[in-house]
Number of protein chains: 2
Amino acid sequence: MVTIRQVAKECKVSPSTVSMVLNQTPLSSYIPETTKQRVLQVAEGMGYQPNPFAQALRSRYSHTIGVMVPDIADPYCAQILRGIENSLSRSSYLPFLVDIQNDSSRFKKYLNVLMRRVDGLIILANSLSFESELLSALETRKMPSVILGREPETDSLSWVATDNEDGTRQALEHLYRLGHRKIAFIRGPSLIVDSQHQWTGICSFASAAGLELDPRLVATLSDPFSSYEGGYERTRQLLALNIPFTALVAFDDMTAFGCIRALISAGLRVPHDCSVMGFDDIPAAAFYNPALTSVREHMEELASTGAEILMEAVRASRKNQAVSSVHRKIKPDLIIRESTAAPRSSAS
Amino acid sequence: MVTIRQVAKECKVSPSTVSMVLNQTPLSSYIPETTKQRVLQVAEGMGYQPNPFAQALRSRYSHTIGVMVPDIADPYCAQILRGIENSLSRSSYLPFLVDIQNDSSRFKKYLNVLMRRVDGLIILANSLSFESELLSALETRKMPSVILGREPETDSLSWVATDNEDGTRQALEHLYRLGHRKIAFIRGPSLIVDSQHQWTGICSFASAAGLELDPRLVATLSDPFSSYEGGYERTRQLLALNIPFTALVAFDDMTAFGCIRALISAGLRVPHDCSVMGFDDIPAAAFYNPALTSVREHMEELASTGAEILMEAVRASRKNQAVSSVHRKIKPDLIIRESTAAPRSSAS
DNA sequence: TTGTAAGCGTTATCAG
DNA sequence: CTGATAACGCTTACAA
């Protein structure tokens with residue numbers, strides 16, 4: 001291993017000079033260009049690479065970001081990981097990836113381990129909610145960190161999440177523009193916070209556009225739920241009311257699949273007799289029959305925004321600057337496929 | 001951060017004593033039990049945790065294993081990662097996971113980075129072959145490492161791979177025991193090394209059991225291949241020969257799906273008229289119609305064996321012992337489902 | 001402008 | 001049995 005001393009000796013300067021040049025320290029601006037070039041050349045030539053442990057020990061700064069994912073096998077995670085990796089590597093941060101395997105004891109353990117090694121933490125949330133105890137651990141120790149994909153209870157942590165409210169707003173606007181006025185809804189379980197945001201989006205567009213929502217056409221999934229069966233069941237109940245509607249907005253794609261099955265088995269055609277909107281754009285949505293119009297999260301943007309925020313926080317904390325927490329919502333995209341069209345006749 | 005010095009002061013012993021006790025150094029056996037207990041208690045009580053960078057700097061040993069995967073989104077990788085993680089964490093090694101994204105420049109870059117930080121390297125191979133240049137880099141620098149899932153050219157590196165030869169042997173034995181004697185084969189492209197091993201297994205069982213292989217019933221997929229179409233095409237050609245066979249062994253599951261389609265469209269029933277064997281046991285195999293009998297790799301065992309071998313190599317290299325490379329083949333499991341049964345009539 | 005020296009927190013080698 | 005003490009390789013005041 002070639003050390004900074006050896007480079008210094010070879011250049012006939014002191015180790016500190018080499019260090020300054022290599023790290024482009026403010027003071028290095030006083031070093032004449034010729035010396036700098038010589039140092040750079042020799043270091044390169046000798047194949048010098050700094051020892052990351054010595055650097056970290058001395059500077060308390062490891063150039064490393066911990067990334068915790070709930071389940072590495074989840075394709076949703078994989079996409080986001082790509083985005084994070086690309087952002088971090090651009091700034092030559094090394095991601096330290098840890099698979100939590102949806103196990104809170106692992107979370108606790110690795111949180112501890114990473115805490116002592118990394119400069120910052122990106123925590124990917126999935127549908128599982130965080131144990132608040134674990135989050136507060138993050139706050140007390142002052143480690144720059146950002147939560148991705150879900151808004152935690154505490155506002156003192158930074159987070160980036162998809163703007164579900166805007167998603168449903170876009171969805172409803174799409175249906176409205178197609179000409180739908182009688183629209184049915186299947187809301188998610190009230191305990192799921194996403195589902196509340198989604199509903200807010202619905203209401204805000206409706207009131208802005210002067211669209212009347214018939215409360216009888218609003219169903220809600222029950223709580224411990226299977227969305228597919230739930231969608232089927234609720235749709236049958238809606239149809240049984242005999243109140244005409246020409247479009248149906250489902251809580252998510254699986255729910256939408258259930259809705260479509262119910263509509264079809266009631267003799268209705270999708271989208272001819274009734275349009276159906278999904279949410280999430282899971283892979284199957286594209287292959288379904290009919291291909292499902294849905295709302296897709298912007299994973300890369302979610303990831304890169306998160307990484308950006310974190311790196312900024314790390315930079316700030318390095319300079320002992322106060323880091324205020326940042327919250328950002330990423331607008332999702334409407335993916336228009338075959339399950340939505342202009343209304344022709346009304347569903348029974 | 002609480003340091004070893006603070007613990008020492010609190011215990012009224014010297015830092016070296018604390019270090020010895022905590023690390024269970026050979027010399028620590030001379031320290032009286034009471035002192036040890038006191039040190040342990042105080043360290044625990046003060047919440048002492050060693051600084052990993054200081055440890056690594058001093059001991060040249062980071063308790064960290066680099067894990068490189070070609071594509072983190074590949075479910076095949078995810079399974080193996082679980083196995084690795086579980087093995088490593090049992091020995092309190094921390095995996096440093098890196099996603100290569102099937103990009104050889106990334107491989108080169110991260111190989112370098114990891115080289116300077118980790119005690120050993122686990123490299124996961126997928127169908128993409130390694131560039132030999134990269135492998136030789138591994139050999140020259142003496143970093144304990146193991147290749148998972150594929151046998152590299154050089155024998156000086158350790159590897160663990162699935163025993164494809166045994167897999168096809170099991171498959172053929174299964175068919176033989178069911179009573180099949182006229183068996184057709186669709187071999188993989190000759191360039192794929194797996195496919196050669198598979199064929200060796202076929203031949204070895206056949207000669208051991210005295211089973212005659214009709215060379216006219218052996219088809220080979222062409223090289224730049226889509227296995228599904230290839231299986232379909234080759235099966236049609238086999239059927240056209242009008243040589244009766246009661247079972248068909250396909251190169252992999254996708255090929256088998258193609259075969260089944262060809263058989264069915266020729267009016268034959270699977271397995272009634274012709275049994276079909278797959279290979280790999282991809283998830284879809286279980287849901288296919290009929291559910292496919294296949295050969296499944298033993299991911300956890302592959303992973304844990306690899307991790308074991310690596311950790312042993314790390315331990316050895318720590319003591320400056322020579323590390324001889326280890327090669328291990330993991331026998332796969334035969335998964336018997338609906339696509340194979342005893343022969344009743346022969347396929348035309 | 002550059003060199004010297006003092007650590008960062010640990011571990012290992014000696015003396016005692 | 002235990003305590004100084006000297007590294008590990010690097011950064012950064014401070015001195016020159």
# chains A, B, ... in the order shown; residues from 1 in each chain; ligands from 1
>>> interface_residues(of="chain B", to="chain D", cutoff="10 Å", atoms="only C-alpha atoms (C1' of nucleotides)", output="ChimeraX atom specification")
/B:13-17,27-32,54-60
>>> write_last_selection(atoms="N, CA and C atoms", output="PDB file, in the first residue's frame")
ATOM      1  N   VAL B  13      -8.411   1.049  35.026  1.00  0.00           N
ATOM      2  CA  VAL B  13      -7.379   0.194  34.429  1.00  0.00           C
ATOM      3  C   VAL B  13      -6.891   0.937  33.177  1.00  0.00           C
ATOM      4  N   SER B  14      -5.960   0.353  32.479  1.00  0.00           N
ATOM      5  CA  SER B  14      -5.445   1.044  31.293  1.00  0.00           C
ATOM      6  C   SER B  14      -6.240   0.650  30.050  1.00  0.00           C
ATOM      7  N   PRO B  15      -6.194   1.507  29.041  1.00  0.00           N
ATOM      8  CA  PRO B  15      -6.901   1.211  27.795  1.00  0.00           C
ATOM      9  C   PRO B  15      -6.539  -0.166  27.244  1.00  0.00           C
ATOM     10  N   SER B  16      -5.285  -0.542  27.360  1.00  0.00           N
ATOM     11  CA  SER B  16      -4.897  -1.830  26.773  1.00  0.00           C
ATOM     12  C   SER B  16      -5.607  -2.984  27.472  1.00  0.00           C
ATOM     13  N   THR B  17      -5.778  -2.858  28.761  1.00  0.00           N
ATOM     14  CA  THR B  17      -6.495  -3.915  29.476  1.00  0.00           C
ATOM     15  C   THR B  17      -7.924  -4.032  28.949  1.00  0.00           C
ATOM     16  N   LEU B  27      -3.826 -13.041  25.603  1.00  0.00           N
ATOM     17  CA  LEU B  27      -3.231 -12.552  26.847  1.00  0.00           C
ATOM     18  C   LEU B  27      -4.280 -12.275  27.924  1.00  0.00           C
ATOM     19  N   SER B  28      -5.499 -12.043  27.499  1.00  0.00           N
ATOM     20  CA  SER B  28      -6.523 -11.651  28.472  1.00  0.00           C
ATOM     21  C   SER B  28      -6.830 -12.786  29.444  1.00  0.00           C
ATOM     22  N   SER B  29      -6.363 -13.984  29.135  1.00  0.00           N
ATOM     23  CA  SER B  29      -6.636 -15.102  30.039  1.00  0.00           C
ATOM     24  C   SER B  29      -5.896 -14.927  31.367  1.00  0.00           C
ATOM     25  N   TYR B  30      -4.895 -14.046  31.356  1.00  0.00           N
ATOM     26  CA  TYR B  30      -4.140 -13.807  32.592  1.00  0.00           C
ATOM     27  C   TYR B  30      -4.813 -12.779  33.492  1.00  0.00           C
ATOM     28  N   ILE B  31      -5.815 -12.125  32.928  1.00  0.00           N
ATOM     29  CA  ILE B  31      -6.507 -11.100  33.711  1.00  0.00           C
ATOM     30  C   ILE B  31      -7.549 -11.760  34.601  1.00  0.00           C
ATOM     31  N   PRO B  32      -7.568 -11.405  35.864  1.00  0.00           N
ATOM     32  CA  PRO B  32      -8.496 -12.063  36.796  1.00  0.00           C
ATOM     33  C   PRO B  32      -9.943 -11.818  36.407  1.00  0.00           C
ATOM     34  N   ALA B  54     -11.237   3.168  13.479  1.00  0.00           N
ATOM     35  CA  ALA B  54     -10.002   3.016  14.241  1.00  0.00           C
ATOM     36  C   ALA B  54      -9.579   1.549  14.271  1.00  0.00           C
ATOM     37  N   GLN B  55     -10.564   0.695  14.480  1.00  0.00           N
ATOM     38  CA  GLN B  55     -10.247  -0.730  14.480  1.00  0.00           C
ATOM     39  C   GLN B  55      -9.666  -1.167  13.146  1.00  0.00           C
ATOM     40  N   ALA B  56     -10.313  -0.739  12.088  1.00  0.00           N
ATOM     41  CA  ALA B  56      -9.872  -1.163  10.763  1.00  0.00           C
ATOM     42  C   ALA B  56      -8.491  -0.609  10.464  1.00  0.00           C
ATOM     43  N   LEU B  57      -8.277   0.628  10.840  1.00  0.00           N
ATOM     44  CA  LEU B  57      -6.986   1.256  10.559  1.00  0.00           C
ATOM     45  C   LEU B  57      -5.870   0.506  11.276  1.00  0.00           C
ATOM     46  N   ARG B  58      -6.139   0.238  12.527  1.00  0.00           N
ATOM     47  CA  ARG B  58      -5.106  -0.394  13.341  1.00  0.00           C
ATOM     48  C   ARG B  58      -4.916  -1.877  12.956  1.00  0.00           C
ATOM     49  N   SER B  59      -6.014  -2.586  12.823  1.00  0.00           N
ATOM     50  CA  SER B  59      -5.893  -4.035  12.664  1.00  0.00           C
ATOM     51  C   SER B  59      -5.902  -4.483  11.202  1.00  0.00           C
ATOM     52  N   ARG B  60      -6.072  -3.533  10.290  1.00  0.00           N
ATOM     53  CA  ARG B  60      -6.191  -3.842   8.857  1.00  0.00           C
ATOM     54  C   ARG B  60      -7.265  -4.893   8.618  1.00  0.00           C
TER      55      ARG B  60
END
>>> residues_around(residues="region 223-226 of chain B", least_positions_apart="4", cutoff="9 Å", atoms="only C-alpha atoms (C1' of nucleotides)", output="number ranges by chain")
B: 188-192, 230-231, 254-255
>>> write_last_selection(atoms="C-alpha atoms", output="tab-separated table (two decimals), in the first residue's frame")
chain	number	residue	atom	x	y	z
B	188	GLY	CA	-29.21	-25.77	-24.74
B	189	PRO	CA	-26.98	-23.82	-27.11
B	190	SER	CA	-23.57	-25.41	-27.14
B	191	LEU	CA	-21.88	-22.15	-26.19
B	192	ILE	CA	-23.55	-22.11	-22.79
B	230	GLY	CA	-36.86	-22.55	-29.59
B	231	GLY	CA	-38.65	-25.18	-27.54
B	254	MET	CA	-39.05	-21.50	-20.75
B	255	THR	CA	-38.02	-24.08	-23.31
>>> closest_atom_pairs(of="region 70-182 of chain A", to="region 101-109 of chain B", cutoff="12 Å", atoms="only C-alpha atoms", output="JSON lines")
{"residue": "A:Ala78", "atom": "CA", "partner": "B:Gln101", "partner_atom": "CA", "distance": 10.7}
{"residue": "A:Gln79", "atom": "CA", "partner": "B:Gln101", "partner_atom": "CA", "distance": 11.3}
{"residue": "A:Leu81", "atom": "CA", "partner": "B:Gln101", "partner_atom": "CA", "distance": 10.7}
{"residue": "A:Arg82", "atom": "CA", "partner": "B:Gln101", "partner_atom": "CA", "distance": 8.3}
{"residue": "A:Gly83", "atom": "CA", "partner": "B:Gln101", "partner_atom": "CA", "distance": 11.6}
{"residue": "A:Glu85", "atom": "CA", "partner": "B:Gln101", "partner_atom": "CA", "distance": 10.1}
{"residue": "A:Asn86", "atom": "CA", "partner": "B:Gln101", "partner_atom": "CA", "distance": 10.6}
{"residue": "A:Ser89", "atom": "CA", "partner": "B:Arg106", "partner_atom": "CA", "distance": 10.2}
{"residue": "A:Ser92", "atom": "CA", "partner": "B:Lys109", "partner_atom": "CA", "distance": 11.1}
{"residue": "A:Leu94", "atom": "CA", "partner": "B:Lys109", "partner_atom": "CA", "distance": 11.2}
>>> write_last_selection(atoms="C-alpha atoms", output="JSON list (two decimals), in the first residue's frame")
[["chain", "number", "residue", "atom", "x", "y", "z"],
["A", 78, "ALA", "CA", -34.95, -2.10, -6.76],
["A", 79, "GLN", "CA", -36.04, 0.78, -8.96],
["A", 81, "LEU", "CA", -32.09, 1.83, -5.42],
["A", 82, "ARG", "CA", -30.95, 2.46, -8.96],
["A", 83, "GLY", "CA", -31.88, 6.09, -8.63],
["A", 85, "GLU", "CA", -26.99, 4.74, -6.55],
["A", 86, "ASN", "CA", -26.77, 6.95, -9.59],
["A", 89, "SER", "CA", -22.04, 7.93, -7.27],
["A", 92, "SER", "CA", -18.61, 9.95, -5.23],
["A", 94, "LEU", "CA", -20.54, 5.12, -1.62]]
>>> interface_residues(of="chain C", to="chain B", cutoff="8 Å", atoms="only C-alpha atoms (C1' of nucleotides)", output="list in words")
DC8, DG9, DT10 and DT11 of chain C
>>> write_last_selection(atoms="C-alpha atoms (C1' of nucleotides)", output="mmCIF file, in the first residue's frame")
data_model
loop_
_atom_site.group_PDB
_atom_site.id
_atom_site.type_symbol
_atom_site.label_atom_id
_atom_site.label_comp_id
_atom_site.auth_asym_id
_atom_site.auth_seq_id
_atom_site.Cartn_x
_atom_site.Cartn_y
_atom_site.Cartn_z
ATOM 1 C "C1'" DC C 8 -8.450 10.622 15.553
ATOM 2 C "C1'" DG C 9 -9.486 5.569 18.606
ATOM 3 C "C1'" DT C 10 -7.580 1.244 18.511
ATOM 4 C "C1'" DT C 11 -4.379 -2.585 19.134
#
>>> closest_residue(among="B:Val146, B:Thr168, B:Met68, B:Val249", to="Phe185 (chain B)", atoms="only C-alpha atoms")
B:Val249
>>> residues_around(residues="Glu139 (chain B)", least_positions_apart="6", cutoff="12 Å", atoms="only C-alpha atoms (C1' of nucleotides)", output="ChimeraX atom specification")
/B:115,121,132-133,145-146,154-158,325
>>> write_last_selection(atoms="C-alpha atoms", output="CSV table (one decimal), in the first residue's frame")
chain,number,residue,atom,x,y,z
B,115,MET,CA,-10.7,-3.7,-2.5
B,121,LEU,CA,-15.4,-10.4,-1.7
B,132,SER,CA,-11.3,-12.5,-17.7
B,133,GLU,CA,-9.4,-9.3,-17.3
B,145,SER,CA,-12.9,-14.1,-2.7
B,146,VAL,CA,-15.4,-16.5,-4.0
B,154,THR,CA,-9.3,-19.9,-13.7
B,155,ASP,CA,-9.1,-22.6,-11.0
B,156,SER,CA,-7.1,-20.4,-8.7
B,157,LEU,CA,-10.3,-18.6,-7.5
B,158,SER,CA,-12.8,-20.3,-5.2
B,325,SER,CA,-8.9,-22.2,-3.5
